[in-house]
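Peer 1: This is the structure, below, for whatever I ask next.
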Amino acid sequence: MKTLAYGFPKLGEKREFKNTLENLWKEKLSQQDFIEGMNSIRTWIANIYSQFVDVYVSGDVSYYDFMLDMAITLGVIPKRFGEYKGLDTYFQMARGGQALEMTKYFNTNYHYLVPEIEGKDFRLLENIPLEEYKFLKEKGYNPIPKIIAPYTFLKLSKVLKRSSHSELPLYELSKIESKEDMENYLFALLPVYEELIKSLSSSGASAVLVEDPALCLDVESWEWELIQEAYKRLSKYADLYVITYYDSVSDYKRFIELPVKALGIDLVSNRENLENIRKYGFPEDKVLIAGIINGRNVWRANLREKLKLLEELSKFTQEIIISNSCPLFHVPVSLEPEDSLPEGLKERLSFAKEKLRELKTLKAAFEGDAQALKDVEESQRLLTQNIGVREEVRKRIASLKEEDFQREMPYQERVKIQQEILNLPLLPTTTIGSFPQTEEVRKVRSAYTSGKISQEEYKAFIREQIEKVIRIQEEIGLDVLVHGEFERTDMVEFFAQKLEGVATTKHGWVLSYGSRVYRPPIIYGDVYRPKAMTIEEITYAQSLTSKPVKGMLTGPVTILNWSYYREDIPKHEIAYQIALALLEEVRDLEAAGIKIIQIDEPAFREGAPLKKRDWPSYFEWAIKAFRLSSRAKPETQIHSHMCYSEFNEVIEYIYQMDFDVISIEASRSKGEIIAAFEAFKEWDRQIGIGVYDIHSPVVPTKEQIRAVIERSMKALPVELLWVNPDCGLKTRRWEEVIPSLKNMVEVTKELRESLVKA
Ligand code: GLN
Ligand code: ZN
């Protein structure tokens, strides 16, 4: 038996990756020093790998994103970036004015850059996998190179095609859907992959790790034929280790027929892969790569159970390699620096380094090593002790009834009461919540957290910011105001720090995209709210104005999906626990006179499983959790916010959330996305259309904003429409925010007037 690991977090012990990258951008580092910095991260990882596992990869340290690396390797560079000029072009594509679109990698919180395929003339442009492989090889390591499989690459890319809508530009980007397209692009791509794999093996690579997680989506039967064909061609040039993860492979029988040396499956995220092995066995002539150490959650593995599993698996196949269940970059680097976790928690956790150790222990235990067997028993002992138990919370969850998930009054009735209280004009204007988190705000916060200023001083500073933002919003003429969220670093971490049963880490950084990192909280016990979380700031803001100020909460599904969560109770129960805590906050906000409450759910859709057949059960509890948290009085107007626009497939679920108003992204598609709501006949809720893109520093013109509103007015009755930016403004500067909002409000007023006249 061997051990294998891949996808180690590249952040470094002290966020070296982030600093090196950002220093290049700030021109504090030359390109050469930058590359040296990245190379030292590469050796740091290889050094860790080689202490713990037998087989490990090169290629974990992309300068920005591994999909972008693959695109550049294959020569997939849109024309607008001109001729390829190394790193300059690379970062233009990643973060220039016309950068590639960014989207979530499957159902994780990592964002990749979506390759844009404009034609079929692929070529081996810059052999990034080879460069990384060679570098480590020269340093004396012996990794295997890692690449993204052609099928997954195409599934995650968009291709430029003639548009079917007449109103839009003649060409548009879309996913590859048809058999004809998949076949054409795949066969155009394969020669380049052949060349790539050839180059790797002729440089001494004993095998190539090919990541093909798209095989876990709903793969069509004709697609399997193409995939089979592709691997038949590619496996001529090297031993291929084809790895899948995040779910079970969509068709196990066809998967194990793929003509490759080793096949990797995720035995953690699902039961099905294991059941399939039991049912259909595993081919004798292939190696099974058993992904048994969870790459996505932070718990120490139950090694005794894992050992049993290995014993069972070894009956089905001659040769097993054990590995992490999916890339390890979803977890932080190491537990070592965490010194202030709640009692009893640290010894239950396992971050990336510790997970490598677990692989090593498992292998040794399997081979009968006495010390390893002792370690296995020790892990078992730790895991059976409960921490964070709160009986009242469990009782409350157990006694929930159907009516707890329902508002008292149907929408059509409550909306009338709400309008009477709020008395809002047609096309009410608002924002999504946050206002610029300036350098000053961040400085004062860190002065407070490091103890340099007192709590009173910090609070006074926040109050000043709130007052300023209220005045600005009044001056601009917005109808529904917000307090600006200056007291929050991160919309999930803020609540995590206030809730019991949830821990936050000091150095548990995880990559979100590019150089952006965040620290996911760890839900380890029963969750409850020891005291009010947001009332002070919201009521202060409301006291300054006669306009309504929205209470601002992060929804239960988003808090859960952006945290690590315990695995000893079902996921829906955790969601309900969080929802109940939020409901208490809703009640307190109501009691304090707040009339509108927004419960953000930007992660609502991304938590959906990979395969559609699993959607109903996910959405059932997700919807219930949201409804439980938002069971306000009929007169309280409940808003939700989601920052994306692809609602077509999920609109029925979104509708069942039973909010009064939802704000969404609409600007990038120029209002076209409203079509999803148009097509859904029952739609009767108010929609705040995101009329401009906050991700860009450019101030939108009145004409651009008007076009989006007018497009939306064609699709939905004007009574249902609100006007707002498409997400929070915290990453923007005041110089951009004020003129943008002014334009937005002015256009809305003009439109209102023309509506009254008509
Ligand atoms: N209320 C949050 C904000 O404005 C919402 C952020 C989000 O949707 N990601 O920042
Ligand atoms: Zn948003």
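Labels for the structure tokens follow display order: chains A, B, ..., residues from 1 in each chain, ligands from 1.
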Contacts of stretch 609-621 of chain A at 8 Å or less, counting only C-alpha atoms, minus same-chain residues fewer than 5 places along, as an MDAnalysis selection string?
Peer 2: chainID A and resid 106:107 216:218 246:247 572 575 653
Peer 1: If we count only C-alpha atoms and set the cut-off at 8 Å, which residues sit around A:Ala352, ignoring sequence neighbours fewer than 4 positions away in its own chain? Please answer as a VMD selection string.
Peer 2: chain A and resid 8 to 9 295 328 to 329 331 to 334 356
Peer 1: At a cut-off of 10 Å and counting only C-alpha atoms and all ligand atoms, what residues surround ligand 2? Please answer as a list in words.
Peer 2: Ile432, Gly433, Ser434, Asp600, Glu601, Pro602, Ala603, Ser640, His641, Met642, Cys643, Tyr644, Ser663, Ile664, Glu665, Gly690, Ile694, Pro725, Asp726, Cys727, Gly728 and Leu729 of chain A
Peer 1: Kindly indicate which residue among A:Asn648, A:Ser178, A:Thr89, A:Ser58 lies nearest to A:Val210, using only C-alpha atoms for the distances.
Peer 2: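 The answer is A:Ser58, which sits nearest to A:Val210.
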Peer 1: Could you jot down the atom CA of A:Tyr6 to atom CA of A:Ile243 separation for me, Å, one decimal place?
Peer 2: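 Separation of atom CA of A:Tyr6 and atom CA of A:Ile243: 10.1 Å.
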Peer 1: For stretch 478-486 of chain A, please output as an mmCIF file with N, CA and C atoms, in the first residue's frame all residues within 9 Å (counting only C-alpha atoms; exclusion window: fewer than 3 positions along the same chain).
Peer 2:
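Below you can see around.cif, which holds the result:
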data_model
loop_
_atom_site.group_PDB
_atom_site.id
_atom_site.type_symbol
_atom_site.label_atom_id
_atom_site.label_comp_id
_atom_site.auth_asym_id
_atom_site.auth_seq_id
_atom_site.Cartn_x
_atom_site.Cartn_y
_atom_site.Cartn_z
ATOM 1 N N LEU A 424 -43.498 53.422 0.735
ATOM 2 C CA LEU A 424 -42.384 53.632 -0.183
ATOM 3 C C LEU A 424 -42.879 54.045 -1.570
ATOM 4 N N PRO A 425 -42.089 54.822 -2.299
ATOM 5 C CA PRO A 425 -42.487 55.197 -3.660
ATOM 6 C C PRO A 425 -42.354 54.019 -4.621
ATOM 7 N N PRO A 428 -38.502 51.679 -5.243
ATOM 8 C CA PRO A 428 -37.729 52.138 -4.081
ATOM 9 C C PRO A 428 -36.228 51.887 -4.316
ATOM 10 N N THR A 429 -35.415 52.801 -3.833
ATOM 11 C CA THR A 429 -33.960 52.640 -4.000
ATOM 12 C C THR A 429 -33.324 52.249 -2.664
ATOM 13 N N THR A 430 -32.320 51.384 -2.740
ATOM 14 C CA THR A 430 -31.608 50.966 -1.531
ATOM 15 C C THR A 430 -30.217 50.442 -1.916
ATOM 16 N N THR A 431 -29.441 50.001 -0.915
ATOM 17 C CA THR A 431 -28.153 49.357 -1.205
ATOM 18 C C THR A 431 -28.150 48.001 -0.503
ATOM 19 N N ILE A 432 -27.085 47.234 -0.702
ATOM 20 C CA ILE A 432 -27.089 45.844 -0.213
ATOM 21 C C ILE A 432 -26.576 45.740 1.220
ATOM 22 N N GLY A 433 -25.964 46.786 1.737
ATOM 23 C CA GLY A 433 -25.602 46.730 3.155
ATOM 24 C C GLY A 433 -24.291 47.392 3.501
ATOM 25 N N SER A 434 -23.198 46.907 2.899
ATOM 26 C CA SER A 434 -21.917 47.468 3.321
ATOM 27 C C SER A 434 -21.580 48.709 2.498
ATOM 28 N N PHE A 435 -20.839 49.620 3.131
ATOM 29 C CA PHE A 435 -20.275 50.791 2.470
ATOM 30 C C PHE A 435 -18.755 50.673 2.585
ATOM 31 N N PRO A 436 -17.999 51.514 1.856
ATOM 32 C CA PRO A 436 -16.543 51.301 1.799
ATOM 33 C C PRO A 436 -15.858 51.011 3.140
ATOM 34 N N GLN A 437 -15.125 49.901 3.150
ATOM 35 C CA GLN A 437 -14.278 49.594 4.306
ATOM 36 C C GLN A 437 -12.935 50.229 3.978
ATOM 37 N N VAL A 441 -10.914 52.489 8.442
ATOM 38 C CA VAL A 441 -11.781 51.555 9.179
ATOM 39 C C VAL A 441 -10.981 50.318 9.579
ATOM 40 N N ARG A 442 -10.190 49.820 8.643
ATOM 41 C CA ARG A 442 -9.430 48.601 8.942
ATOM 42 C C ARG A 442 -8.339 48.850 9.989
ATOM 43 N N ILE A 462 -17.057 53.654 15.357
ATOM 44 C CA ILE A 462 -18.090 53.015 14.524
ATOM 45 C C ILE A 462 -19.333 53.912 14.449
ATOM 46 N N GLN A 465 -18.859 56.582 11.968
ATOM 47 C CA GLN A 465 -18.989 56.077 10.596
ATOM 48 C C GLN A 465 -20.456 55.907 10.226
ATOM 49 N N ILE A 466 -21.216 55.395 11.184
ATOM 50 C CA ILE A 466 -22.641 55.169 10.908
ATOM 51 C C ILE A 466 -23.334 56.501 10.636
ATOM 52 N N GLU A 467 -23.022 57.467 11.476
ATOM 53 C CA GLU A 467 -23.674 58.762 11.285
ATOM 54 C C GLU A 467 -23.334 59.340 9.906
ATOM 55 N N VAL A 469 -22.503 57.745 7.207
ATOM 56 C CA VAL A 469 -23.119 57.018 6.080
ATOM 57 C C VAL A 469 -24.631 57.277 6.012
ATOM 58 N N ILE A 470 -25.243 57.534 7.149
ATOM 59 C CA ILE A 470 -26.674 57.865 7.138
ATOM 60 C C ILE A 470 -26.869 59.217 6.439
ATOM 61 N N GLN A 473 -26.415 58.877 2.702
ATOM 62 C CA GLN A 473 -27.542 58.220 2.020
ATOM 63 C C GLN A 473 -28.749 59.151 1.923
ATOM 64 N N GLU A 474 -28.949 59.940 2.983
ATOM 65 C CA GLU A 474 -30.070 60.890 2.941
ATOM 66 C C GLU A 474 -29.855 61.926 1.853
ATOM 67 N N GLU A 475 -28.623 62.401 1.792
ATOM 68 C CA GLU A 475 -28.320 63.422 0.786
ATOM 69 C C GLU A 475 -28.518 62.889 -0.633
ATOM 70 N N THR A 489 -15.933 42.470 9.779
ATOM 71 C CA THR A 489 -14.835 42.152 8.869
ATOM 72 C C THR A 489 -15.405 41.343 7.736
ATOM 73 N N MET A 491 -18.805 38.809 6.627
ATOM 74 C CA MET A 491 -20.223 38.646 6.971
ATOM 75 C C MET A 491 -20.535 37.341 7.708
ATOM 76 N N GLU A 537 -25.817 48.713 16.753
ATOM 77 C CA GLU A 537 -25.486 49.526 15.571
ATOM 78 C C GLU A 537 -26.732 49.885 14.773
ATOM 79 N N ILE A 538 -27.626 48.897 14.601
ATOM 80 C CA ILE A 538 -28.807 49.151 13.755
ATOM 81 C C ILE A 538 -29.710 50.199 14.410
ATOM 82 N N TYR A 540 -28.918 52.420 16.557
ATOM 83 C CA TYR A 540 -28.263 53.734 16.522
ATOM 84 C C TYR A 540 -28.493 54.383 15.155
ATOM 85 N N ALA A 541 -28.284 53.613 14.098
ATOM 86 C CA ALA A 541 -28.489 54.149 12.739
ATOM 87 C C ALA A 541 -29.935 54.629 12.574
ATOM 88 N N GLN A 542 -30.877 53.826 13.043
ATOM 89 C CA GLN A 542 -32.291 54.202 12.891
ATOM 90 C C GLN A 542 -32.624 55.468 13.685
ATOM 91 N N THR A 545 -32.393 58.898 11.681
ATOM 92 C CA THR A 545 -33.135 59.213 10.460
ATOM 93 C C THR A 545 -34.596 58.796 10.553
ATOM 94 N N LYS A 547 -36.078 57.869 7.753
ATOM 95 C CA LYS A 547 -36.203 56.836 6.713
ATOM 96 C C LYS A 547 -35.973 55.463 7.346
ATOM 97 N N PRO A 548 -36.586 54.406 6.766
ATOM 98 C CA PRO A 548 -36.335 53.085 7.362
ATOM 99 C C PRO A 548 -34.881 52.627 7.165
ATOM 100 N N VAL A 549 -34.302 52.057 8.220
ATOM 101 C CA VAL A 549 -32.969 51.450 8.127
ATOM 102 C C VAL A 549 -33.156 49.934 8.181
ATOM 103 N N LYS A 550 -32.500 49.231 7.254
ATOM 104 C CA LYS A 550 -32.633 47.766 7.217
ATOM 105 C C LYS A 550 -31.757 47.117 8.279
ATOM 106 N N GLY A 551 -32.321 46.185 9.023
ATOM 107 C CA GLY A 551 -31.504 45.315 9.863
ATOM 108 C C GLY A 551 -30.768 44.370 8.931
ATOM 109 N N MET A 552 -29.551 43.957 9.297
ATOM 110 C CA MET A 552 -28.711 43.238 8.350
ATOM 111 C C MET A 552 -28.134 41.970 8.970
ATOM 112 N N ILE A 596 -37.610 46.750 8.509
ATOM 113 C CA ILE A 596 -37.149 45.932 7.379
ATOM 114 C C ILE A 596 -35.921 45.154 7.833
ATOM 115 N N LEU A 729 -21.017 47.341 -1.011
ATOM 116 C CA LEU A 729 -20.067 48.315 -1.564
ATOM 117 C C LEU A 729 -18.739 48.325 -0.806
ATOM 118 N N LYS A 730 -18.505 47.310 0.022
ATOM 119 C CA LYS A 730 -17.372 47.424 0.935
ATOM 120 C C LYS A 730 -16.010 47.445 0.253
ATOM 121 N N LEU A 741 -24.169 55.979 -6.905
ATOM 122 C CA LEU A 741 -25.491 55.956 -6.262
ATOM 123 C C LEU A 741 -26.314 57.180 -6.672
ATOM 124 N N LYS A 742 -25.638 58.316 -6.867
ATOM 125 C CA LYS A 742 -26.360 59.512 -7.311
ATOM 126 C C LYS A 742 -27.007 59.253 -8.665
ATOM 127 N N VAL A 745 -30.015 56.978 -8.245
ATOM 128 C CA VAL A 745 -31.205 57.615 -7.665
ATOM 129 C C VAL A 745 -31.828 58.608 -8.654
#
Peer 1: Enumerate the residues of stretch 99-286 of chain A with a DSSP assignment of helix (DSSP H, G or I), computed from the backbone, and present them as a PyMOL selection string.
Peer 2: chain A and resi 128-138+150-156+179-202+213-216+221-234+252-255+272-280
Peer 1: Which neighbours of stretch 493-496 of chain A fall inside 9 Å, counting only C-alpha atoms, when residues of the same chain fewer than 3 positions from it are skipped, and could you give them as a PyMOL selection string?
Peer 2: chain A and resi 487-490+499-504+518-523+533+553-554+559+563
Peer 1: Could you pull the residues within 10 Å of A:Val53, counting only C-alpha atoms, minus those fewer than 5 positions along the same chain, as a PDB file with N, CA, C and O atoms, in the first residue's frame?
Peer 2:
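Contents of result_38.pdb, as written:
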ATOM      1  N   LYS A   2       0.369   2.243  -0.769  1.00  0.00           N
ATOM      2  CA  LYS A   2       1.092   3.519  -0.812  1.00  0.00           C
ATOM      3  C   LYS A   2       0.173   4.655  -0.380  1.00  0.00           C
ATOM      4  O   LYS A   2      -1.046   4.500  -0.345  1.00  0.00           O
ATOM      5  N   THR A   3       0.793   5.788  -0.075  1.00  0.00           N
ATOM      6  CA  THR A   3       0.008   6.986   0.228  1.00  0.00           C
ATOM      7  C   THR A   3       0.263   8.041  -0.840  1.00  0.00           C
ATOM      8  O   THR A   3       1.344   8.108  -1.410  1.00  0.00           O
ATOM      9  N   LEU A   4      -0.763   8.844  -1.087  1.00  0.00           N
ATOM     10  CA  LEU A   4      -0.674   9.882  -2.118  1.00  0.00           C
ATOM     11  C   LEU A   4      -1.346  11.144  -1.590  1.00  0.00           C
ATOM     12  O   LEU A   4      -2.368  11.058  -0.892  1.00  0.00           O
ATOM     13  N   ALA A   5      -0.776  12.310  -1.902  1.00  0.00           N
ATOM     14  CA  ALA A   5      -1.449  13.557  -1.533  1.00  0.00           C
ATOM     15  C   ALA A   5      -1.300  14.584  -2.642  1.00  0.00           C
ATOM     16  O   ALA A   5      -0.311  14.584  -3.376  1.00  0.00           O
ATOM     17  N   ILE A  48       7.254  19.104   2.869  1.00  0.00           N
ATOM     18  CA  ILE A  48       6.241  18.551   3.784  1.00  0.00           C
ATOM     19  C   ILE A  48       5.702  17.235   3.237  1.00  0.00           C
ATOM     20  O   ILE A  48       5.638  16.224   3.937  1.00  0.00           O
ATOM     21  N   ILE A 322      -3.762   5.115  -0.793  1.00  0.00           N
ATOM     22  CA  ILE A 322      -4.731   5.925  -0.039  1.00  0.00           C
ATOM     23  C   ILE A 322      -4.358   7.393  -0.142  1.00  0.00           C
ATOM     24  O   ILE A 322      -3.182   7.756  -0.183  1.00  0.00           O
ATOM     25  N   SER A 323      -5.393   8.230  -0.184  1.00  0.00           N
ATOM     26  CA  SER A 323      -5.116   9.663  -0.362  1.00  0.00           C
ATOM     27  C   SER A 323      -6.178  10.512   0.315  1.00  0.00           C
ATOM     28  O   SER A 323      -7.135  10.004   0.893  1.00  0.00           O
ATOM     29  N   LEU A 356      -1.932  14.800   6.344  1.00  0.00           N
ATOM     30  CA  LEU A 356      -0.861  13.993   5.744  1.00  0.00           C
ATOM     31  C   LEU A 356      -0.350  12.971   6.765  1.00  0.00           C
ATOM     32  O   LEU A 356      -0.086  11.821   6.458  1.00  0.00           O
ATOM     33  N   ARG A 357      -0.258  13.447   8.012  1.00  0.00           N
ATOM     34  CA  ARG A 357       0.182  12.550   9.076  1.00  0.00           C
ATOM     35  C   ARG A 357      -0.810  11.391   9.249  1.00  0.00           C
ATOM     36  O   ARG A 357      -0.407  10.244   9.462  1.00  0.00           O
ATOM     37  N   GLU A 358      -2.075  11.710   9.122  1.00  0.00           N
ATOM     38  CA  GLU A 358      -3.083  10.647   9.245  1.00  0.00           C
ATOM     39  C   GLU A 358      -2.911   9.585   8.162  1.00  0.00           C
ATOM     40  O   GLU A 358      -3.052   8.380   8.423  1.00  0.00           O
ATOM     41  N   LEU A 359      -2.595  10.052   6.948  1.00  0.00           N
ATOM     42  CA  LEU A 359      -2.370   9.078   5.874  1.00  0.00           C
ATOM     43  C   LEU A 359      -1.205   8.156   6.234  1.00  0.00           C
ATOM     44  O   LEU A 359      -1.272   6.942   6.058  1.00  0.00           O
ATOM     45  N   LYS A 360      -0.166   8.752   6.762  1.00  0.00           N
ATOM     46  CA  LYS A 360       1.016   7.986   7.127  1.00  0.00           C
ATOM     47  C   LYS A 360       0.698   6.978   8.235  1.00  0.00           C
ATOM     48  O   LYS A 360       1.092   5.802   8.164  1.00  0.00           O
ATOM     49  N   LYS A 363      -1.410   4.041   6.944  1.00  0.00           N
ATOM     50  CA  LYS A 363      -0.626   3.054   6.197  1.00  0.00           C
ATOM     51  C   LYS A 363       0.180   2.172   7.163  1.00  0.00           C
ATOM     52  O   LYS A 363       0.161   0.950   7.071  1.00  0.00           O
TER      53      LYS A 363
END
Peer 1: Taking the chain letters and numbering used in this document, name the residues of stretch 210-308 of chain A that DSSP puts in strand (DSSP E), as an MDAnalysis selection string.
Peer 2: chainID A and resid 210:211 240:243 262:266 287:293
Peer 1: Would you mind exporting the chosen residues as an mmCIF file, in the first residue's frame, restricted to N, CA, C and O atoms?
Peer 2:
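So the final result, stored in out.cif, reads:
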data_model
loop_
_atom_site.group_PDB
_atom_site.id
_atom_site.type_symbol
_atom_site.label_atom_id
_atom_site.label_comp_id
_atom_site.auth_asym_id
_atom_site.auth_seq_id
_atom_site.Cartn_x
_atom_site.Cartn_y
_atom_site.Cartn_z
ATOM 1 N N VAL A 210 -4.240 13.271 -13.137
ATOM 2 C CA VAL A 210 -5.195 14.009 -13.968
ATOM 3 C C VAL A 210 -6.473 14.239 -13.161
ATOM 4 O O VAL A 210 -7.181 13.295 -12.824
ATOM 5 N N GLU A 211 -6.730 15.485 -12.838
ATOM 6 C CA GLU A 211 -7.920 15.781 -12.029
ATOM 7 C C GLU A 211 -9.142 15.872 -12.931
ATOM 8 O O GLU A 211 -9.185 16.708 -13.831
ATOM 9 N N LEU A 240 -1.513 7.198 -16.241
ATOM 10 C CA LEU A 240 -2.388 8.262 -15.767
ATOM 11 C C LEU A 240 -3.085 7.859 -14.471
ATOM 12 O O LEU A 240 -3.588 6.744 -14.345
ATOM 13 N N TYR A 241 -3.068 8.782 -13.515
ATOM 14 C CA TYR A 241 -3.842 8.612 -12.284
ATOM 15 C C TYR A 241 -5.024 9.558 -12.384
ATOM 16 O O TYR A 241 -4.858 10.765 -12.194
ATOM 17 N N VAL A 242 -6.180 9.033 -12.691
ATOM 18 C CA VAL A 242 -7.346 9.897 -12.887
ATOM 19 C C VAL A 242 -8.103 10.046 -11.565
ATOM 20 O O VAL A 242 -8.550 9.062 -10.980
ATOM 21 N N ILE A 243 -8.212 11.282 -11.116
ATOM 22 C CA ILE A 243 -8.766 11.534 -9.788
ATOM 23 C C ILE A 243 -10.123 12.219 -9.894
ATOM 24 O O ILE A 243 -10.262 13.196 -10.632
ATOM 25 N N ALA A 262 -4.486 4.189 -12.893
ATOM 26 C CA ALA A 262 -5.060 4.278 -11.544
ATOM 27 C C ALA A 262 -6.296 5.158 -11.552
ATOM 28 O O ALA A 262 -6.369 6.137 -12.301
ATOM 29 N N LEU A 263 -7.261 4.789 -10.711
ATOM 30 C CA LEU A 263 -8.527 5.518 -10.668
ATOM 31 C C LEU A 263 -8.806 5.980 -9.244
ATOM 32 O O LEU A 263 -8.792 5.178 -8.307
ATOM 33 N N GLY A 264 -9.056 7.280 -9.103
ATOM 34 C CA GLY A 264 -9.258 7.821 -7.767
ATOM 35 C C GLY A 264 -10.707 8.185 -7.500
ATOM 36 O O GLY A 264 -11.356 8.830 -8.319
ATOM 37 N N ILE A 265 -11.197 7.763 -6.363
ATOM 38 C CA ILE A 265 -12.567 8.111 -5.991
ATOM 39 C C ILE A 265 -12.612 8.665 -4.571
ATOM 40 O O ILE A 265 -11.780 8.335 -3.728
ATOM 41 N N ASP A 266 -13.614 9.473 -4.360
ATOM 42 C CA ASP A 266 -13.822 10.128 -3.073
ATOM 43 C C ASP A 266 -14.707 9.217 -2.219
ATOM 44 O O ASP A 266 -15.855 8.964 -2.557
ATOM 45 N N VAL A 287 -5.099 0.308 -10.399
ATOM 46 C CA VAL A 287 -4.827 0.698 -9.013
ATOM 47 C C VAL A 287 -5.986 1.536 -8.510
ATOM 48 O O VAL A 287 -6.464 2.428 -9.208
ATOM 49 N N LEU A 288 -6.429 1.238 -7.306
ATOM 50 C CA LEU A 288 -7.486 2.051 -6.708
ATOM 51 C C LEU A 288 -6.858 3.146 -5.854
ATOM 52 O O LEU A 288 -6.093 2.873 -4.934
ATOM 53 N N ILE A 289 -7.207 4.389 -6.165
ATOM 54 C CA ILE A 289 -6.780 5.486 -5.298
ATOM 55 C C ILE A 289 -7.978 5.819 -4.414
ATOM 56 O O ILE A 289 -8.986 6.340 -4.879
ATOM 57 N N ALA A 290 -7.851 5.427 -3.153
ATOM 58 C CA ALA A 290 -8.984 5.567 -2.241
ATOM 59 C C ALA A 290 -8.872 6.882 -1.486
ATOM 60 O O ALA A 290 -8.004 7.037 -0.622
ATOM 61 N N GLY A 291 -9.739 7.821 -1.807
ATOM 62 C CA GLY A 291 -9.730 9.111 -1.107
ATOM 63 C C GLY A 291 -10.447 8.963 0.217
ATOM 64 O O GLY A 291 -11.665 9.047 0.298
ATOM 65 N N ILE A 292 -9.680 8.718 1.285
ATOM 66 C CA ILE A 292 -10.353 8.408 2.547
ATOM 67 C C ILE A 292 -10.138 9.450 3.638
ATOM 68 O O ILE A 292 -10.800 9.420 4.658
ATOM 69 N N ILE A 293 -9.219 10.358 3.431
ATOM 70 C CA ILE A 293 -9.046 11.421 4.442
ATOM 71 C C ILE A 293 -9.697 12.690 3.896
ATOM 72 O O ILE A 293 -9.319 13.205 2.837
#
Peer 1: Counting only C-alpha atoms, what is within 12 Å of A:Asp239, bar same-chain residues fewer than 6 positions away, as a list of chain:residue names?
Peer 2: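 Once the adjacent positions are removed, what remains is A:Ile144, A:Pro145, A:Ile197, A:Lys198, A:Leu200, A:Ser201, A:Gly204, A:Ala205, A:Ser206, A:Ala207, A:Val208, A:Leu209, A:Val210, A:Tyr231, A:Lys232, A:Arg233, A:Pro259, A:Val260, A:Lys261, A:Ala262, A:Leu263, A:Lys286, A:Val287.
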Peer 1: Can I get the selected residues back with N, CA and C atoms, as a CSV table (one decimal), in the first residue's frame?
Peer 2:
chain,number,residue,atom,x,y,z
A,144,ILE,N,4.9,13.7,-9.0
A,144,ILE,CA,4.3,13.5,-10.3
A,144,ILE,C,3.6,14.7,-10.7
A,145,PRO,N,3.6,15.1,-11.9
A,145,PRO,CA,2.9,16.4,-12.3
A,145,PRO,C,1.4,16.2,-12.3
A,197,ILE,N,1.4,15.6,-22.3
A,197,ILE,CA,1.7,14.4,-21.5
A,197,ILE,C,3.0,13.8,-21.9
A,198,LYS,N,3.2,13.8,-23.2
A,198,LYS,CA,4.5,13.3,-23.8
A,198,LYS,C,5.6,14.1,-23.2
A,200,LEU,N,5.8,15.6,-20.4
A,200,LEU,CA,6.0,15.3,-19.0
A,200,LEU,C,6.7,14.0,-18.8
A,201,SER,N,6.3,12.9,-19.6
A,201,SER,CA,6.9,11.6,-19.3
A,201,SER,C,8.3,11.6,-19.9
A,204,GLY,N,10.8,12.6,-17.4
A,204,GLY,CA,11.1,11.7,-16.3
A,204,GLY,C,9.9,11.4,-15.4
A,205,ALA,N,8.7,12.0,-15.7
A,205,ALA,CA,7.6,11.8,-14.8
A,205,ALA,C,7.2,10.3,-14.8
A,206,SER,N,7.0,9.7,-13.7
A,206,SER,CA,6.7,8.2,-13.7
A,206,SER,C,5.2,8.1,-13.9
A,207,ALA,N,4.4,9.1,-13.7
A,207,ALA,CA,3.0,9.1,-13.9
A,207,ALA,C,2.5,10.5,-13.9
A,208,VAL,N,1.2,10.7,-14.3
A,208,VAL,CA,0.6,12.1,-14.3
A,208,VAL,C,-0.7,12.0,-13.6
A,209,LEU,N,-0.9,12.9,-12.7
A,209,LEU,CA,-2.2,12.9,-12.0
A,209,LEU,C,-3.1,13.8,-12.8
A,210,VAL,N,-4.2,13.3,-13.1
A,210,VAL,CA,-5.2,14.0,-14.0
A,210,VAL,C,-6.5,14.2,-13.2
A,231,TYR,N,-9.2,9.2,-23.0
A,231,TYR,CA,-8.2,8.5,-22.1
A,231,TYR,C,-7.5,7.4,-22.9
A,232,LYS,N,-8.2,6.8,-23.9
A,232,LYS,CA,-7.5,5.8,-24.7
A,232,LYS,C,-6.3,6.4,-25.4
A,233,ARG,N,-6.6,7.6,-25.9
A,233,ARG,CA,-5.4,8.3,-26.6
A,233,ARG,C,-4.4,8.8,-25.6
A,259,PRO,N,-9.4,3.3,-19.7
A,259,PRO,CA,-8.1,2.6,-19.9
A,259,PRO,C,-6.9,3.4,-19.3
A,260,VAL,N,-6.9,3.5,-18.0
A,260,VAL,CA,-5.8,4.2,-17.4
A,260,VAL,C,-5.2,3.3,-16.2
A,261,LYS,N,-4.1,3.8,-15.7
A,261,LYS,CA,-3.4,3.0,-14.7
A,261,LYS,C,-4.1,3.0,-13.3
A,262,ALA,N,-4.5,4.2,-12.9
A,262,ALA,CA,-5.1,4.3,-11.5
A,262,ALA,C,-6.3,5.2,-11.6
A,263,LEU,N,-7.3,4.8,-10.7
A,263,LEU,CA,-8.5,5.5,-10.7
A,263,LEU,C,-8.8,6.0,-9.2
A,286,LYS,N,-6.0,-2.6,-12.4
A,286,LYS,CA,-5.9,-1.1,-12.1
A,286,LYS,C,-5.6,-0.9,-10.6
A,287,VAL,N,-5.1,0.3,-10.4
A,287,VAL,CA,-4.8,0.7,-9.0
A,287,VAL,C,-6.0,1.5,-8.5
